[in-house]
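K.L.:
Attaching a single structure in structure tokens format; questions to follow.
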Amino acid sequence: MALSRDEIYTKVQGVLVDALGVDEEEVTPAATLKDDLGAESIDYLDIVFRLEKAFTIKIPRGELFPEDLESVRNDPTYVNAGKVTPAGMAEFKRRMPYTDFSEFEKDPMVDKAGMLLTVNTIVNYVESKLAGA
């Protein structure tokens with residue numbers, strides 16, 4: 001039986017509470033992993049491992065948390081004067097199709113790209129993986 005979005009959210013919330021040592025009420029749909037929940041690069045590996053276990057899915061390396069986004073940030077085709085260009089936005093969307101870009105597109109400063117990795121992003125990702133399974 002397929003999990004509802006609420007059930008997926010609840011499991012993702014549990015994974016993040018365990019992986020990041022945060023309180024359940026801090027893990028809201030709009031909470032960003034880095035700024036709001038304090039995730040560091042090593043935590044992303046733990047989160048992927050825990051999600052794979054919790055949902056019995058395989059998450060290819062770099063698919064949920066693209067590792068090479070730094071190359072995008074440092075490419076003048078994608079970022080100009082600290083702002084993500086239209087080509088850069090297209091590249092972000094290609095690499096992170098499960099992400100809601102609506103707020104970021106209003107002010108696409110590259111230093112705000114961390115706002116794209118939210119709890120909701122993970123829920124969307126898991127939901128798409130389960131639907132494709």
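Ligands are numbered from 1 in the order shown, residues from 1 within each chain, and chains are lettered A, B, ... in the order they appear in the structure tokens.
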Need the shell around range 117-132 of chain A: protein/DNA/RNA residues with any atom at most 9 Å away, counting only C-alpha atoms. Skip same-chain ones fewer than 3 positions apart. Format as a ChimeraX atom specification?
P.N.:
/A:2-5,8-9,12-13,16,27-34,51,55,57-59,64-65,96-100,113-114
K.L.:
Would you return as a list in words the members of chain A that DSSP assigns to strand (DSSP E) on this structure's backbone?
P.N.:
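Across chain A, those assigned strand (DSSP E) are Val79, Asn80, Lys83 and Val84 of chain A.
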K.L.:
Can you write out the residues you just picked, keeping N, CA, C and O atoms, as an mmCIF file, in the first residue's frame?
P.N.:
data_model
loop_
_atom_site.group_PDB
_atom_site.id
_atom_site.type_symbol
_atom_site.label_atom_id
_atom_site.label_comp_id
_atom_site.auth_asym_id
_atom_site.auth_seq_id
_atom_site.Cartn_x
_atom_site.Cartn_y
_atom_site.Cartn_z
ATOM 1 N N VAL A 79 26.262 31.730 -12.764
ATOM 2 C CA VAL A 79 26.215 32.745 -11.706
ATOM 3 C C VAL A 79 26.987 33.970 -12.179
ATOM 4 O O VAL A 79 28.137 33.859 -12.599
ATOM 5 N N ASN A 80 26.342 35.124 -12.090
ATOM 6 C CA ASN A 80 26.979 36.371 -12.494
ATOM 7 C C ASN A 80 26.726 37.397 -11.404
ATOM 8 O O ASN A 80 25.578 37.635 -11.042
ATOM 9 N N LYS A 83 24.488 36.412 -8.558
ATOM 10 C CA LYS A 83 23.090 36.113 -8.877
ATOM 11 C C LYS A 83 23.031 34.943 -9.862
ATOM 12 O O LYS A 83 23.805 34.883 -10.820
ATOM 13 N N VAL A 84 22.110 34.026 -9.617
ATOM 14 C CA VAL A 84 21.939 32.880 -10.503
ATOM 15 C C VAL A 84 21.313 33.361 -11.810
ATOM 16 O O VAL A 84 20.279 34.034 -11.800
#
K.L.:
For each of A:Phe101, A:Asp68, A:Ala54, A:Met89, take the minimum atom-to-atom distance to Glu7 in chain A, counting only C-alpha atoms, then give the residue where this is smallest.
P.N.:
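Under the stated criterion, the closest residue is A:Ala54.
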K.L.:
With only C-alpha atoms as the counted atoms, please give the residues lying no more than 10 Å from Val22 in chain A, apart from itself and same-chain residues fewer than 3 positions off, as a ChimeraX atom specification.
P.N.:
/A:13-14,16-19,25-27,36-39
K.L.:
Suppose we keep all heavy atoms; can you now write the selection as a PDB file, in the first residue's frame?
P.N.:
ATOM      1  N   GLN A  13      10.391  13.389   8.961  1.00  0.00           N
ATOM      2  CA  GLN A  13      10.575  14.169  10.188  1.00  0.00           C
ATOM      3  C   GLN A  13      11.342  13.337  11.217  1.00  0.00           C
ATOM      4  O   GLN A  13      12.302  13.815  11.828  1.00  0.00           O
ATOM      5  CB  GLN A  13       9.196  14.577  10.733  1.00  0.00           C
ATOM      6  CG  GLN A  13       9.241  15.520  11.908  1.00  0.00           C
ATOM      7  CD  GLN A  13       7.833  15.884  12.381  1.00  0.00           C
ATOM      8  OE1 GLN A  13       6.946  15.030  12.446  1.00  0.00           O
ATOM      9  NE2 GLN A  13       7.640  17.152  12.693  1.00  0.00           N
ATOM     10  N   GLY A  14      10.966  12.087  11.384  1.00  0.00           N
ATOM     11  CA  GLY A  14      11.657  11.199  12.317  1.00  0.00           C
ATOM     12  C   GLY A  14      13.110  10.985  11.943  1.00  0.00           C
ATOM     13  O   GLY A  14      13.995  10.986  12.806  1.00  0.00           O
ATOM     14  N   LEU A  16      15.020  13.060  10.274  1.00  0.00           N
ATOM     15  CA  LEU A  16      15.771  14.293  10.528  1.00  0.00           C
ATOM     16  C   LEU A  16      15.975  14.542  12.021  1.00  0.00           C
ATOM     17  O   LEU A  16      17.035  15.019  12.424  1.00  0.00           O
ATOM     18  CB  LEU A  16      15.080  15.478   9.853  1.00  0.00           C
ATOM     19  CG  LEU A  16      15.075  15.413   8.323  1.00  0.00           C
ATOM     20  CD1 LEU A  16      14.238  16.536   7.737  1.00  0.00           C
ATOM     21  CD2 LEU A  16      16.481  15.440   7.767  1.00  0.00           C
ATOM     22  N   VAL A  17      14.999  14.209  12.832  1.00  0.00           N
ATOM     23  CA  VAL A  17      15.142  14.336  14.286  1.00  0.00           C
ATOM     24  C   VAL A  17      16.299  13.449  14.756  1.00  0.00           C
ATOM     25  O   VAL A  17      17.168  13.894  15.505  1.00  0.00           O
ATOM     26  CB  VAL A  17      13.822  13.970  15.008  1.00  0.00           C
ATOM     27  CG1 VAL A  17      14.047  13.739  16.498  1.00  0.00           C
ATOM     28  CG2 VAL A  17      12.774  15.059  14.795  1.00  0.00           C
ATOM     29  N   ASP A  18      16.327  12.210  14.274  1.00  0.00           N
ATOM     30  CA  ASP A  18      17.385  11.273  14.667  1.00  0.00           C
ATOM     31  C   ASP A  18      18.751  11.692  14.119  1.00  0.00           C
ATOM     32  O   ASP A  18      19.753  11.655  14.831  1.00  0.00           O
ATOM     33  CB  ASP A  18      17.060   9.858  14.182  1.00  0.00           C
ATOM     34  CG  ASP A  18      15.871   9.245  14.913  1.00  0.00           C
ATOM     35  OD1 ASP A  18      15.474   9.773  15.982  1.00  0.00           O
ATOM     36  OD2 ASP A  18      15.329   8.238  14.403  1.00  0.00           O
ATOM     37  N   ALA A  19      18.796  12.075  12.854  1.00  0.00           N
ATOM     38  CA  ALA A  19      20.078  12.382  12.209  1.00  0.00           C
ATOM     39  C   ALA A  19      20.686  13.688  12.703  1.00  0.00           C
ATOM     40  O   ALA A  19      21.900  13.794  12.835  1.00  0.00           O
ATOM     41  CB  ALA A  19      19.900  12.439  10.691  1.00  0.00           C
ATOM     42  N   GLU A  25       9.298  19.510  16.628  1.00  0.00           N
ATOM     43  CA  GLU A  25       8.585  20.729  16.228  1.00  0.00           C
ATOM     44  C   GLU A  25       9.444  21.667  15.374  1.00  0.00           C
ATOM     45  O   GLU A  25       8.923  22.540  14.687  1.00  0.00           O
ATOM     46  CB  GLU A  25       7.968  21.465  17.409  1.00  0.00           C
ATOM     47  CG  GLU A  25       8.847  21.721  18.590  1.00  0.00           C
ATOM     48  CD  GLU A  25       8.978  20.549  19.567  1.00  0.00           C
ATOM     49  OE1 GLU A  25       8.309  19.508  19.409  1.00  0.00           O
ATOM     50  OE2 GLU A  25       9.784  20.679  20.494  1.00  0.00           O
ATOM     51  N   GLU A  26      10.757  21.458  15.372  1.00  0.00           N
ATOM     52  CA  GLU A  26      11.644  22.266  14.518  1.00  0.00           C
ATOM     53  C   GLU A  26      11.586  21.805  13.066  1.00  0.00           C
ATOM     54  O   GLU A  26      11.889  22.571  12.151  1.00  0.00           O
ATOM     55  CB  GLU A  26      13.100  22.161  14.998  1.00  0.00           C
ATOM     56  CG  GLU A  26      13.377  22.823  16.329  1.00  0.00           C
ATOM     57  CD  GLU A  26      14.829  22.628  16.731  1.00  0.00           C
ATOM     58  OE1 GLU A  26      15.679  23.369  16.197  1.00  0.00           O
ATOM     59  OE2 GLU A  26      15.095  21.748  17.568  1.00  0.00           O
ATOM     60  N   VAL A  27      11.215  20.551  12.864  1.00  0.00           N
ATOM     61  CA  VAL A  27      11.203  19.962  11.527  1.00  0.00           C
ATOM     62  C   VAL A  27       9.852  20.237  10.871  1.00  0.00           C
ATOM     63  O   VAL A  27       8.949  19.417  10.877  1.00  0.00           O
ATOM     64  CB  VAL A  27      11.501  18.449  11.574  1.00  0.00           C
ATOM     65  CG1 VAL A  27      11.587  17.868  10.170  1.00  0.00           C
ATOM     66  CG2 VAL A  27      12.796  18.185  12.332  1.00  0.00           C
ATOM     67  N   ASP A  36      18.091  26.267   9.268  1.00  0.00           N
ATOM     68  CA  ASP A  36      17.120  26.054  10.340  1.00  0.00           C
ATOM     69  C   ASP A  36      17.429  24.836  11.216  1.00  0.00           C
ATOM     70  O   ASP A  36      17.209  24.861  12.419  1.00  0.00           O
ATOM     71  CB  ASP A  36      15.698  25.907   9.766  1.00  0.00           C
ATOM     72  CG  ASP A  36      15.210  27.177   9.084  1.00  0.00           C
ATOM     73  OD1 ASP A  36      15.666  28.274   9.467  1.00  0.00           O
ATOM     74  OD2 ASP A  36      14.374  27.068   8.166  1.00  0.00           O
ATOM     75  N   LEU A  37      17.937  23.766  10.586  1.00  0.00           N
ATOM     76  CA  LEU A  37      18.150  22.523  11.332  1.00  0.00           C
ATOM     77  C   LEU A  37      19.627  22.237  11.612  1.00  0.00           C
ATOM     78  O   LEU A  37      19.948  21.258  12.270  1.00  0.00           O
ATOM     79  CB  LEU A  37      17.507  21.350  10.577  1.00  0.00           C
ATOM     80  CG  LEU A  37      16.002  21.508  10.312  1.00  0.00           C
ATOM     81  CD1 LEU A  37      15.468  20.307   9.531  1.00  0.00           C
ATOM     82  CD2 LEU A  37      15.228  21.695  11.610  1.00  0.00           C
ATOM     83  N   GLY A  38      20.509  23.073  11.107  1.00  0.00           N
ATOM     84  CA  GLY A  38      21.931  22.954  11.433  1.00  0.00           C
ATOM     85  C   GLY A  38      22.669  21.816  10.762  1.00  0.00           C
ATOM     86  O   GLY A  38      23.724  21.393  11.245  1.00  0.00           O
ATOM     87  N   ALA A  39      22.162  21.309   9.641  1.00  0.00           N
ATOM     88  CA  ALA A  39      22.835  20.202   8.957  1.00  0.00           C
ATOM     89  C   ALA A  39      24.174  20.666   8.392  1.00  0.00           C
ATOM     90  O   ALA A  39      24.311  21.777   7.896  1.00  0.00           O
ATOM     91  CB  ALA A  39      21.956  19.668   7.831  1.00  0.00           C
TER      92      ALA A  39
END
K.L.:
What gap, in Å, lies between CA of Lys93 in chain A and CA of Pro66 in chain A?
P.N.:
11.3 Å
K.L.:
Rank nothing, just name the residue among A:Val15, A:Pro60, A:Asp35, A:Lys53 nearest to Leu116 in chain A, using only C-alpha atoms.
P.N.:
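Closest to Leu116 in chain A of all the choices is A:Asp35.
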K.L.:
Determine which residues of chain A receive a DSSP assignment of helix (DSSP H, G or I), computed from the backbone, and state them as a PyMOL selection string.
P.N.:
chain A and resi 5-20+24-26+41-55+69-73+86-95+102-106+110-116+119-132
